[in-house]
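Accompanying notes for the structure given below.
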Amino acid sequence: MSPAKGEKLIEVKGLEKHFKHVEVLRGINIDICKGDVVAVIGPSGSGKSTFLRCLNLLEEPTGGQIVFEGVDITSKETKIDQMRQKIGMVFQQFNLFTNMTVLDNVSAGPVLVKGMKKDEARKLAQSLLERVGLGDRGGAYPIQLSGGQQQRVAIARALAMQPDVMLFDEPTSALDPASTMRIEELMASLKESYTVVIVTHNMQQAARISDKCAFFLVGDLIEFGETEQVFSMPKDKRTEDYITGRFG
C-alpha cells in the first residue's frame with residue numbers, strides 16, 4: 001500500500017553530533033514526509049552518512065531530537081529495537097551472512113526478530129527475491145553472486161522486515177555501471193510503497209531518483225527542497241558551486 005503522502009514521518013529537530021571535539025552535525029532541522037524520496041548530497045566529510053545513521057540511532061545524537069511516526073526515538077524511554085524494525089537500512093558494504101544461502105539471509109530477520117514462522121518467512125523471502133530479480137538464486141551463497149546481486153539481496157533483506165522507511169548509504173558506490181543502473185531501477189520502484197532516504201555522491205543519481213534533495217556541507221544543512229529546484233535554481237551559492245563542480 002502506498003504511503004499517505006504529505007504526512008510527517010521523520011522530524012529532525014536541532015540534531016547535533018560530536019565525536020570528541022569534532023562537530024559532525026550542527027543544529028540540523030528537517031522534516032521527511034511519507035512518500036518522500038530524499039537524496040542527501042554533499043562532499044566527503046559533510047556529515048551525510050552520520051546523519052543517516054542517526055535516523056535509526058546507529059549513531060547516538062549528541063543533542064536534539066528525532067521523532068519517528070510521532071515517537072521521540074532519542075528518548076531513553078523509547079525501545080529503539082522495536083522502532084528499528086520499521087527502518088530498513090542498506091549499506092555500501094553488503095554485510096550478508098557468508099555461511100547462509102541467499103534465501104536464508106533474507107528470511108532470517110523476520111524469524112529471529114519478528115517471530116514469523118519459518119515457512120511464512122521463506123515464502124516472503126522468495127517473493128522479495130523475485131522482486132529484485134533473483135528469484136532463481138535463493139539456494140546460492142553470497143560468494144557465488146556479483147557485487148550488484150549481493151546488493152540486491154541486501155535490499156531484499158531490508159524489505160523483509162516490512163519497514164516504513166528505507167535508508168540507503170551510498171548503495172552503488174562499489175558497483176560497476178551496469179549494476180548501478182539495476183540498483184537505481186530497484187530503488188526507483190520502491191517509490192510507490194516506501195519513504196526513501198538515499199545518501200549519494202552521484203549527482204545524476206540524485207536527480208534521477210529523488211523528488212527532494214538535501215545539501216550538507218561541513219556539518220550544516222545548507223539547502224533542502226524539491227530536487228528540480230535545488231538542481232536548477234539553488235538558493236545558496238554553495239549549493240550551486242557543488243552541483244556544477246565549482247566547489248572547492
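Chain identifiers are assigned as A, B, and so on, following the order in which chains appear in the C-alpha cells; residues are numbered from 1 within each chain, and ligands are numbered from 1 in order of appearance.
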*asked:* Need to verify the contact set: Val12 (chain A), 10 Å, only C-alpha atoms, exclusion of same-chain residues closer than 2 positions in sequence. Can you return it as a VMD selection string?
replied: chain A and resid 10 14 to 15 27 to 32 51 54 to 55 64 to 68 72
Selected residues written out with C-alpha atoms, as a PDB file, in the first residue's frame:
ATOM      1  CA  ILE A  10      10.512  11.810  10.454  1.00  0.00           C
ATOM      2  CA  GLY A  14      18.238  20.618  16.230  1.00  0.00           C
ATOM      3  CA  LEU A  15      20.246  17.439  15.615  1.00  0.00           C
ATOM      4  CA  GLY A  27      21.634  22.011  14.504  1.00  0.00           C
ATOM      5  CA  ILE A  28      20.046  20.012  11.690  1.00  0.00           C
ATOM      6  CA  ASN A  29      16.326  20.654  11.209  1.00  0.00           C
ATOM      7  CA  ILE A  30      14.488  18.708   8.520  1.00  0.00           C
ATOM      8  CA  ASP A  31      11.104  17.032   8.036  1.00  0.00           C
ATOM      9  CA  ILE A  32      10.797  13.927   5.887  1.00  0.00           C
ATOM     10  CA  PHE A  51      23.007  11.982   9.593  1.00  0.00           C
ATOM     11  CA  CYS A  54      21.420   8.955  13.408  1.00  0.00           C
ATOM     12  CA  LEU A  55      17.968   8.387  11.899  1.00  0.00           C
ATOM     13  CA  GLY A  64      18.453  17.446  19.510  1.00  0.00           C
ATOM     14  CA  GLN A  65      15.506  15.177  18.754  1.00  0.00           C
ATOM     15  CA  ILE A  66      14.497  12.672  16.111  1.00  0.00           C
ATOM     16  CA  VAL A  67      10.776  11.979  16.058  1.00  0.00           C
ATOM     17  CA  PHE A  68       9.733   8.941  14.007  1.00  0.00           C
ATOM     18  CA  ASP A  72      10.863  10.576  20.065  1.00  0.00           C
TER      19      ASP A  72
END
*DSSP on the backbone: what in region 148-195 of chain A comes out strand (DSSP E), as a PyMOL selection string?*
chain A and resi 165-169+195
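Computed from the coordinates, the CA of Arg84 (chain A) to CA of Gly115 (chain A) distance equals 15.2 Å.
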Using only C-alpha atoms, what does the table of region 175-247 of chain A residues within 9 Å of region 137-150 of chain A look like, with each row giving the shortest atom pair and its distance in Å to one decimal, sorted by chain and ascending number, as JSON lines?
{"residue": "A:Leu175", "atom": "CA", "partner": "A:Gly148", "partner_atom": "CA", "distance": 6.2}
{"residue": "A:Asp176", "atom": "CA", "partner": "A:Gly148", "partner_atom": "CA", "distance": 7.9}
{"residue": "A:Ala178", "atom": "CA", "partner": "A:Gly148", "partner_atom": "CA", "distance": 8.5}
{"residue": "A:Ser179", "atom": "CA", "partner": "A:Gly148", "partner_atom": "CA", "distance": 4.9}
{"residue": "A:Thr180", "atom": "CA", "partner": "A:Gly148", "partner_atom": "CA", "distance": 7.2}
{"residue": "A:Arg182", "atom": "CA", "partner": "A:Gly148", "partner_atom": "CA", "distance": 7.8}
{"residue": "A:Ile183", "atom": "CA", "partner": "A:Gly148", "partner_atom": "CA", "distance": 7.4}
File dump, residues just selected, C-alpha atoms, as a compact mmCIF listing (two decimals), in the first residue's frame:
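Everything below was put into result_26.txt:
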# COMPACT_ATOMS: atom_id res chain seq x y z
CA LEU A 175 29.38 -1.24 -8.12
CA ASP A 176 30.04 -1.18 -11.85
CA ALA A 178 25.52 -1.86 -15.18
CA SER A 179 24.93 -2.98 -11.59
CA THR A 180 24.43 0.64 -10.53
CA ARG A 182 19.92 -2.11 -11.83
CA ILE A 183 20.06 -0.85 -8.23
*Contacts of Arg26 (chain A) within 8 Å, only C-alpha atoms, excl. fewer than 3 positions in-chain, as a PyMOL selection string*: chain A and resi 14-17+23+219-220
Could you please write out, as a tab-separated table (two decimals) with all heavy atoms, in the first residue's frame, every residue of region 88-203 of chain A that DSSP assigns to alpha helix (DSSP H)?
chain	number	residue	atom	x	y	z
A	102	VAL	N	21.26	-17.35	0.13
A	102	VAL	CA	20.57	-16.10	-0.15
A	102	VAL	C	19.18	-16.11	0.49
A	102	VAL	O	18.76	-15.14	1.14
A	102	VAL	CB	20.48	-15.88	-1.67
A	102	VAL	CG1	19.45	-14.82	-2.02
A	102	VAL	CG2	21.85	-15.52	-2.23
A	103	LEU	N	18.44	-17.21	0.32
A	103	LEU	CA	17.10	-17.29	0.88
A	103	LEU	C	17.13	-17.18	2.41
A	103	LEU	O	16.30	-16.48	3.01
A	103	LEU	CB	16.42	-18.61	0.47
A	103	LEU	CG	14.93	-18.74	0.82
A	103	LEU	CD1	14.11	-17.73	0.01
A	103	LEU	CD2	14.44	-20.15	0.54
A	104	ASP	N	18.10	-17.83	3.02
A	104	ASP	CA	18.21	-17.77	4.48
A	104	ASP	C	18.62	-16.38	4.96
A	104	ASP	O	18.19	-15.92	6.01
A	104	ASP	CB	19.20	-18.81	4.98
A	104	ASP	CG	18.65	-20.23	4.90
A	104	ASP	OD1	17.42	-20.38	4.84
A	104	ASP	OD2	19.46	-21.18	4.88
A	105	ASN	N	19.47	-15.70	4.20
A	105	ASN	CA	19.85	-14.32	4.54
A	105	ASN	C	18.63	-13.42	4.61
A	105	ASN	O	18.51	-12.60	5.52
A	105	ASN	CB	20.84	-13.77	3.50
A	105	ASN	CG	22.28	-13.88	3.92
A	105	ASN	OD1	22.79	-13.07	4.68
A	105	ASN	ND2	22.95	-14.92	3.42
A	106	VAL	N	17.73	-13.59	3.65
A	106	VAL	CA	16.56	-12.72	3.58
A	106	VAL	C	15.50	-13.10	4.61
A	106	VAL	O	14.81	-12.24	5.17
A	106	VAL	CB	15.97	-12.74	2.15
A	106	VAL	CG1	14.72	-11.87	2.07
A	106	VAL	CG2	17.01	-12.26	1.15
A	107	SER	N	15.37	-14.38	4.90
A	107	SER	CA	14.30	-14.83	5.79
A	107	SER	C	14.68	-14.80	7.27
A	107	SER	O	13.81	-14.89	8.14
A	107	SER	CB	13.85	-16.24	5.42
A	107	SER	OG	14.91	-17.18	5.55
A	108	ALA	N	15.97	-14.66	7.58
A	108	ALA	CA	16.42	-14.75	8.98
A	108	ALA	C	15.81	-13.66	9.86
A	108	ALA	O	15.35	-13.94	10.98
A	108	ALA	CB	17.95	-14.69	9.04
A	109	GLY	N	15.80	-12.42	9.38
A	109	GLY	CA	15.31	-11.31	10.19
A	109	GLY	C	13.86	-11.48	10.64
A	109	GLY	O	13.56	-11.36	11.85
A	110	PRO	N	12.95	-11.76	9.72
A	110	PRO	CA	11.56	-11.94	10.13
A	110	PRO	C	11.37	-13.06	11.15
A	110	PRO	O	10.52	-12.95	12.04
A	110	PRO	CB	10.86	-12.28	8.81
A	110	PRO	CG	11.67	-11.61	7.77
A	110	PRO	CD	13.09	-11.73	8.25
A	111	VAL	N	12.18	-14.12	11.05
A	111	VAL	CA	12.06	-15.23	12.01
A	111	VAL	C	12.64	-14.85	13.36
A	111	VAL	O	11.99	-14.99	14.40
A	111	VAL	CB	12.78	-16.49	11.46
A	111	VAL	CG1	12.81	-17.58	12.53
A	111	VAL	CG2	12.07	-17.01	10.21
A	112	LEU	N	13.87	-14.34	13.36
A	112	LEU	CA	14.59	-14.09	14.60
A	112	LEU	C	14.11	-12.84	15.33
A	112	LEU	O	14.09	-12.80	16.56
A	112	LEU	CB	16.09	-13.98	14.33
A	112	LEU	CG	16.76	-15.23	13.75
A	112	LEU	CD1	18.21	-14.95	13.40
A	112	LEU	CD2	16.66	-16.39	14.74
A	118	LYS	N	8.82	-19.95	10.16
A	118	LYS	CA	9.88	-20.13	9.17
A	118	LYS	C	9.33	-20.29	7.76
A	118	LYS	O	9.85	-19.68	6.81
A	118	LYS	CB	10.73	-21.35	9.54
A	118	LYS	CG	11.97	-21.49	8.67
A	118	LYS	CD	12.86	-22.61	9.18
A	118	LYS	CE	14.12	-22.73	8.32
A	118	LYS	NZ	15.02	-23.80	8.81
A	119	ASP	N	8.27	-21.07	7.60
A	119	ASP	CA	7.70	-21.27	6.26
A	119	ASP	C	7.17	-19.96	5.68
A	119	ASP	O	7.35	-19.68	4.49
A	119	ASP	CB	6.58	-22.31	6.31
A	119	ASP	CG	7.11	-23.72	6.52
A	119	ASP	OD1	8.34	-23.93	6.38
A	119	ASP	OD2	6.31	-24.63	6.82
A	120	GLU	N	6.52	-19.18	6.54
A	120	GLU	CA	5.97	-17.89	6.10
A	120	GLU	C	7.10	-16.93	5.71
A	120	GLU	O	7.02	-16.22	4.70
A	120	GLU	CB	5.13	-17.29	7.21
A	120	GLU	CG	4.45	-15.98	6.84
A	120	GLU	CD	3.63	-15.40	7.99
A	120	GLU	OE1	3.50	-16.08	9.03
A	120	GLU	OE2	3.13	-14.27	7.84
A	121	ALA	N	8.17	-16.94	6.52
A	121	ALA	CA	9.31	-16.06	6.25
A	121	ALA	C	10.00	-16.44	4.94
A	121	ALA	O	10.41	-15.57	4.16
A	121	ALA	CB	10.29	-16.11	7.40
A	122	ARG	N	10.12	-17.72	4.68
A	122	ARG	CA	10.77	-18.16	3.45
A	122	ARG	C	9.91	-17.83	2.23
A	122	ARG	O	10.43	-17.50	1.16
A	122	ARG	CB	11.07	-19.66	3.52
A	122	ARG	CG	12.18	-19.99	4.53
A	122	ARG	CD	12.39	-21.49	4.68
A	122	ARG	NE	13.00	-22.08	3.50
A	122	ARG	CZ	14.32	-22.10	3.27
A	122	ARG	NH1	15.15	-21.54	4.12
A	122	ARG	NH2	14.80	-22.68	2.19
A	123	LYS	N	8.61	-17.90	2.40
A	123	LYS	CA	7.71	-17.51	1.30
A	123	LYS	C	7.84	-16.02	1.01
A	123	LYS	O	7.90	-15.60	-0.15
A	123	LYS	CB	6.27	-17.86	1.68
A	123	LYS	CG	5.26	-17.58	0.58
A	123	LYS	CD	3.85	-18.02	1.01
A	123	LYS	CE	2.84	-17.71	-0.09
A	123	LYS	NZ	1.46	-18.13	0.31
A	124	LEU	N	7.90	-15.21	2.08
A	124	LEU	CA	8.10	-13.78	1.92
A	124	LEU	C	9.45	-13.50	1.26
A	124	LEU	O	9.55	-12.68	0.33
A	124	LEU	CB	8.03	-13.08	3.28
A	124	LEU	CG	8.43	-11.61	3.32
A	124	LEU	CD1	7.46	-10.77	2.49
A	124	LEU	CD2	8.46	-11.10	4.77
A	125	ALA	N	10.49	-14.20	1.73
A	125	ALA	CA	11.83	-14.00	1.18
A	125	ALA	C	11.87	-14.33	-0.30
A	125	ALA	O	12.48	-13.61	-1.10
A	125	ALA	CB	12.84	-14.85	1.95
A	126	GLN	N	11.22	-15.41	-0.69
A	126	GLN	CA	11.21	-15.80	-2.10
A	126	GLN	C	10.52	-14.75	-2.95
A	126	GLN	O	10.99	-14.40	-4.04
A	126	GLN	CB	10.53	-17.15	-2.27
A	126	GLN	CG	10.49	-17.66	-3.71
A	126	GLN	CD	11.87	-17.86	-4.28
A	126	GLN	OE1	12.79	-18.31	-3.61
A	126	GLN	NE2	12.03	-17.53	-5.57
A	127	SER	N	9.42	-14.20	-2.46
A	127	SER	CA	8.70	-13.18	-3.22
A	127	SER	C	9.55	-11.92	-3.37
A	127	SER	O	9.54	-11.27	-4.43
A	127	SER	CB	7.37	-12.83	-2.54
A	127	SER	OG	7.57	-12.15	-1.32
A	128	LEU	N	10.33	-11.59	-2.34
A	128	LEU	CA	11.19	-10.41	-2.42
A	128	LEU	C	12.39	-10.65	-3.34
A	128	LEU	O	12.81	-9.74	-4.06
A	128	LEU	CB	11.66	-10.01	-1.02
A	128	LEU	CG	10.56	-9.42	-0.12
A	128	LEU	CD1	11.05	-9.28	1.31
A	128	LEU	CD2	10.08	-8.07	-0.67
A	129	LEU	N	12.92	-11.86	-3.33
A	129	LEU	CA	14.00	-12.18	-4.25
A	129	LEU	C	13.52	-12.07	-5.69
A	129	LEU	O	14.25	-11.61	-6.58
A	129	LEU	CB	14.55	-13.57	-3.96
A	129	LEU	CG	15.39	-13.69	-2.69
A	129	LEU	CD1	15.75	-15.15	-2.43
A	129	LEU	CD2	16.66	-12.84	-2.79
A	130	GLU	N	12.29	-12.50	-5.93
A	130	GLU	CA	11.72	-12.34	-7.27
A	130	GLU	C	11.57	-10.87	-7.62
A	130	GLU	O	11.84	-10.46	-8.76
A	130	GLU	CB	10.38	-13.07	-7.34
A	130	GLU	CG	10.53	-14.59	-7.29
A	130	GLU	CD	9.21	-15.32	-7.15
A	130	GLU	OE1	8.16	-14.64	-7.15
A	130	GLU	OE2	9.23	-16.56	-7.02
A	131	ARG	N	11.20	-10.07	-6.64
A	131	ARG	CA	11.02	-8.63	-6.87
A	131	ARG	C	12.34	-7.98	-7.28
A	131	ARG	O	12.35	-7.07	-8.12
A	131	ARG	CB	10.46	-7.95	-5.63
A	131	ARG	CG	10.30	-6.44	-5.79
A	131	ARG	CD	9.58	-5.81	-4.62
A	131	ARG	NE	9.39	-4.39	-4.86
A	131	ARG	CZ	8.69	-3.58	-4.07
A	131	ARG	NH1	8.09	-4.06	-2.99
A	131	ARG	NH2	8.58	-2.29	-4.36
A	147	GLY	N	28.77	-8.36	-7.10
A	147	GLY	CA	28.52	-7.30	-6.14
A	147	GLY	C	27.12	-6.72	-6.27
A	147	GLY	O	26.44	-6.48	-5.27
A	148	GLY	N	26.68	-6.49	-7.51
A	148	GLY	CA	25.34	-5.94	-7.72
A	148	GLY	C	24.26	-6.88	-7.23
A	148	GLY	O	23.25	-6.46	-6.66
A	149	GLN	N	24.46	-8.18	-7.46
A	149	GLN	CA	23.48	-9.17	-6.98
A	149	GLN	C	23.46	-9.21	-5.45
A	149	GLN	O	22.39	-9.30	-4.85
A	149	GLN	CB	23.82	-10.55	-7.55
A	149	GLN	CG	23.56	-10.68	-9.04
A	149	GLN	CD	24.06	-11.99	-9.60
A	149	GLN	OE1	25.08	-12.54	-9.15
A	149	GLN	NE2	23.37	-12.51	-10.59
A	150	GLN	N	24.63	-9.12	-4.82
A	150	GLN	CA	24.67	-9.11	-3.37
A	150	GLN	C	23.94	-7.88	-2.81
A	150	GLN	O	23.24	-7.97	-1.79
A	150	GLN	CB	26.12	-9.13	-2.87
A	150	GLN	CG	26.82	-10.45	-3.10
A	150	GLN	CD	28.19	-10.48	-2.46
A	150	GLN	OE1	28.33	-10.31	-1.26
A	150	GLN	NE2	29.23	-10.68	-3.27
A	151	GLN	N	24.09	-6.75	-3.48
A	151	GLN	CA	23.40	-5.56	-3.00
A	151	GLN	C	21.89	-5.71	-3.14
A	151	GLN	O	21.13	-5.25	-2.28
A	151	GLN	CB	23.89	-4.32	-3.76
A	151	GLN	CG	23.41	-2.99	-3.18
A	151	GLN	CD	23.91	-2.75	-1.76
A	151	GLN	OE1	23.49	-3.44	-0.82
A	151	GLN	NE2	24.78	-1.78	-1.60
A	152	ARG	N	21.45	-6.37	-4.21
A	152	ARG	CA	20.01	-6.61	-4.35
A	152	ARG	C	19.49	-7.55	-3.27
A	152	ARG	O	18.37	-7.40	-2.78
A	152	ARG	CB	19.71	-7.16	-5.74
A	152	ARG	CG	19.71	-6.08	-6.82
A	152	ARG	CD	19.25	-6.63	-8.15
A	152	ARG	NE	20.35	-7.21	-8.90
A	152	ARG	CZ	20.20	-8.12	-9.86
A	152	ARG	NH1	19.00	-8.60	-10.14
A	152	ARG	NH2	21.25	-8.57	-10.52
A	153	VAL	N	20.31	-8.52	-2.87
A	153	VAL	CA	19.94	-9.39	-1.75
A	153	VAL	C	19.83	-8.56	-0.47
A	153	VAL	O	18.90	-8.74	0.33
A	153	VAL	CB	20.95	-10.54	-1.56
A	153	VAL	CG1	20.63	-11.34	-0.30
A	153	VAL	CG2	20.95	-11.45	-2.77
A	154	ALA	N	20.78	-7.64	-0.28
A	154	ALA	CA	20.76	-6.79	0.92
A	154	ALA	C	19.49	-5.94	0.95
A	154	ALA	O	18.89	-5.72	2.02
A	154	ALA	CB	22.00	-5.90	0.95
A	155	ILE	N	19.05	-5.47	-0.21
A	155	ILE	CA	17.81	-4.69	-0.27
A	155	ILE	C	16.62	-5.58	0.07
A	155	ILE	O	15.73	-5.19	0.84
A	155	ILE	CB	17.65	-4.05	-1.66
A	155	ILE	CG1	18.74	-2.98	-1.87
A	155	ILE	CG2	16.27	-3.42	-1.82
A	155	ILE	CD1	18.80	-2.43	-3.28
A	156	ALA	N	16.59	-6.79	-0.50
A	156	ALA	CA	15.50	-7.72	-0.19
A	156	ALA	C	15.47	-8.04	1.30
A	156	ALA	O	14.40	-8.14	1.91
A	156	ALA	CB	15.67	-9.01	-1.01
A	157	ARG	N	16.65	-8.21	1.90
A	157	ARG	CA	16.72	-8.49	3.33
A	157	ARG	C	16.14	-7.35	4.15
A	157	ARG	O	15.41	-7.58	5.13
A	157	ARG	CB	18.18	-8.74	3.74
A	157	ARG	CG	18.35	-9.08	5.20
A	157	ARG	CD	19.80	-9.36	5.55
A	157	ARG	NE	20.66	-8.21	5.28
A	157	ARG	CZ	21.97	-8.22	5.46
A	157	ARG	NH1	22.58	-9.32	5.88
A	157	ARG	NH2	22.68	-7.14	5.21
A	158	ALA	N	16.43	-6.11	3.77
A	158	ALA	CA	15.87	-4.96	4.48
A	158	ALA	C	14.35	-4.89	4.30
A	158	ALA	O	13.61	-4.62	5.25
A	158	ALA	CB	16.53	-3.67	4.00
A	159	LEU	N	13.89	-5.17	3.09
A	159	LEU	CA	12.45	-5.13	2.81
A	159	LEU	C	11.70	-6.23	3.57
A	159	LEU	O	10.51	-6.07	3.88
A	159	LEU	CB	12.20	-5.28	1.31
A	159	LEU	CG	12.66	-4.11	0.43
A	159	LEU	CD1	12.48	-4.47	-1.05
A	159	LEU	CD2	11.90	-2.84	0.75
A	177	PRO	N	28.93	0.23	-13.55
A	177	PRO	CA	27.81	1.00	-14.10
A	177	PRO	C	26.55	0.18	-14.36
A	177	PRO	O	25.44	0.64	-14.09
A	177	PRO	CB	28.38	1.57	-15.40
A	177	PRO	CG	29.85	1.69	-15.13
A	177	PRO	CD	30.19	0.49	-14.29
A	178	ALA	N	26.70	-1.05	-14.88
A	178	ALA	CA	25.52	-1.86	-15.18
A	178	ALA	C	24.79	-2.24	-13.89
A	178	ALA	O	23.55	-2.16	-13.82
A	178	ALA	CB	25.91	-3.11	-15.95
A	179	SER	N	25.55	-2.63	-12.88
A	179	SER	CA	24.93	-2.98	-11.59
A	179	SER	C	24.30	-1.76	-10.94
A	179	SER	O	23.24	-1.84	-10.32
A	179	SER	CB	25.97	-3.60	-10.65
A	179	SER	OG	26.47	-4.81	-11.17
A	180	THR	N	24.97	-0.61	-11.08
A	180	THR	CA	24.43	0.64	-10.53
A	180	THR	C	23.07	0.94	-11.14
A	180	THR	O	22.13	1.32	-10.43
A	180	THR	CB	25.40	1.81	-10.80
A	180	THR	OG1	26.60	1.60	-10.05
A	180	THR	CG2	24.78	3.14	-10.39
A	181	MET	N	22.96	0.75	-12.45
A	181	MET	CA	21.68	1.01	-13.12
A	181	MET	C	20.58	0.10	-12.59
A	181	MET	O	19.46	0.54	-12.34
A	181	MET	CB	21.83	0.83	-14.63
A	181	MET	CG	20.59	1.20	-15.41
A	181	MET	SD	20.83	1.10	-17.21
A	181	MET	CE	22.10	2.36	-17.42
A	182	ARG	N	20.91	-1.18	-12.35
A	182	ARG	CA	19.92	-2.11	-11.83
A	182	ARG	C	19.45	-1.70	-10.42
A	182	ARG	O	18.27	-1.76	-10.11
A	182	ARG	CB	20.50	-3.54	-11.77
A	182	ARG	CG	20.71	-4.21	-13.11
A	182	ARG	CD	19.41	-4.53	-13.83
A	182	ARG	NE	18.53	-5.40	-13.07
A	182	ARG	CZ	18.55	-6.72	-13.14
A	182	ARG	NH1	19.43	-7.33	-13.92
A	182	ARG	NH2	17.68	-7.45	-12.45
A	183	ILE	N	20.41	-1.27	-9.58
A	183	ILE	CA	20.06	-0.85	-8.23
A	183	ILE	C	19.23	0.43	-8.27
A	183	ILE	O	18.26	0.58	-7.52
A	183	ILE	CB	21.32	-0.65	-7.37
A	183	ILE	CG1	22.09	-1.97	-7.22
A	183	ILE	CG2	20.96	-0.08	-6.00
A	183	ILE	CD1	21.32	-3.07	-6.52
A	184	GLU	N	19.58	1.36	-9.16
A	184	GLU	CA	18.80	2.59	-9.29
A	184	GLU	C	17.37	2.27	-9.71
A	184	GLU	O	16.41	2.86	-9.19
A	184	GLU	CB	19.44	3.52	-10.31
A	184	GLU	CG	20.67	4.24	-9.79
A	184	GLU	CD	21.17	5.29	-10.77
A	184	GLU	OE1	20.47	5.59	-11.75
A	184	GLU	OE2	22.27	5.82	-10.54
A	185	GLU	N	17.21	1.36	-10.66
A	185	GLU	CA	15.87	0.97	-11.09
A	185	GLU	C	15.08	0.36	-9.94
A	185	GLU	O	13.88	0.63	-9.77
A	185	GLU	CB	15.96	-0.02	-12.26
A	185	GLU	CG	16.49	0.59	-13.55
A	185	GLU	CD	16.76	-0.46	-14.62
A	185	GLU	OE1	16.70	-1.68	-14.30
A	185	GLU	OE2	17.03	-0.07	-15.77
A	186	LEU	N	15.77	-0.44	-9.14
A	186	LEU	CA	15.12	-1.07	-7.99
A	186	LEU	C	14.72	-0.03	-6.95
A	186	LEU	O	13.60	-0.05	-6.44
A	186	LEU	CB	16.06	-2.10	-7.37
A	186	LEU	CG	15.55	-2.86	-6.14
A	186	LEU	CD1	14.21	-3.53	-6.41
A	186	LEU	CD2	16.59	-3.90	-5.71
A	187	MET	N	15.62	0.91	-6.65
A	187	MET	CA	15.29	1.97	-5.69
A	187	MET	C	14.13	2.82	-6.19
A	187	MET	O	13.24	3.20	-5.43
A	187	MET	CB	16.51	2.84	-5.41
A	187	MET	CG	17.59	2.14	-4.60
A	187	MET	SD	18.88	3.26	-3.99
A	187	MET	CE	19.66	3.76	-5.54
A	188	ALA	N	14.13	3.10	-7.50
A	188	ALA	CA	13.05	3.90	-8.07
A	188	ALA	C	11.71	3.18	-7.94
A	188	ALA	O	10.67	3.81	-7.72
A	188	ALA	CB	13.34	4.22	-9.54
A	189	SER	N	11.74	1.85	-8.03
A	189	SER	CA	10.49	1.09	-7.92
A	189	SER	C	9.91	1.10	-6.51
A	189	SER	O	8.73	0.80	-6.32
A	189	SER	CB	10.73	-0.37	-8.36
A	189	SER	OG	11.44	-1.10	-7.37
A	203	MET	N	25.58	12.94	-8.46
A	203	MET	CA	24.57	13.97	-8.72
A	203	MET	C	23.50	13.49	-9.70
A	203	MET	O	22.32	13.80	-9.54
A	203	MET	CB	25.24	15.24	-9.29
A	203	MET	CG	26.21	15.92	-8.35
A	203	MET	SD	25.44	16.50	-6.82
A	203	MET	CE	25.83	15.13	-5.74
*Would you mind listing what lies within 12 Å of Ser232 (chain A) as a ChimeraX atom specification, with only C-alpha atoms counted and same-chain residues fewer than 6 positions away left out?*
/A:207,213,225-226,239-241,243-244
*Determine the nearest neighbour of Leu25 (chain A) from the options A:Thr78, A:Phe97, A:Val218, A:Glu192, counting only C-alpha atoms.*
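Residue with the minimum atom-to-atom distance to Leu25 (chain A): A:Val218.
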*asked:* Calculated over only C-alpha atoms, which of the candidates A:Val165, A:Val24, A:Met116, A:Leu57 has the smallest distance to Val90 (chain A)?
replied: A:Val165
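CA of Gly35 (chain A) is positioned 24.6 Å from CA of Ser173 (chain A).
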*CA of Thr98 (chain A) to CA of Lys191 (chain A), straight-line distance in Å*: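 That distance, rounded to one decimal, is 29.8 Å.
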*Pick from A:Met83, A:Leu134, A:Leu167, A:Ile41: nearest to Arg53 (chain A), with only C-alpha atoms counted?*
A:Leu167
*Which one of A:Lys86, A:Lys76, A:Lys34, A:Arg238 sits closest to Ser193 (chain A) if you count only C-alpha atoms?*
A:Lys34
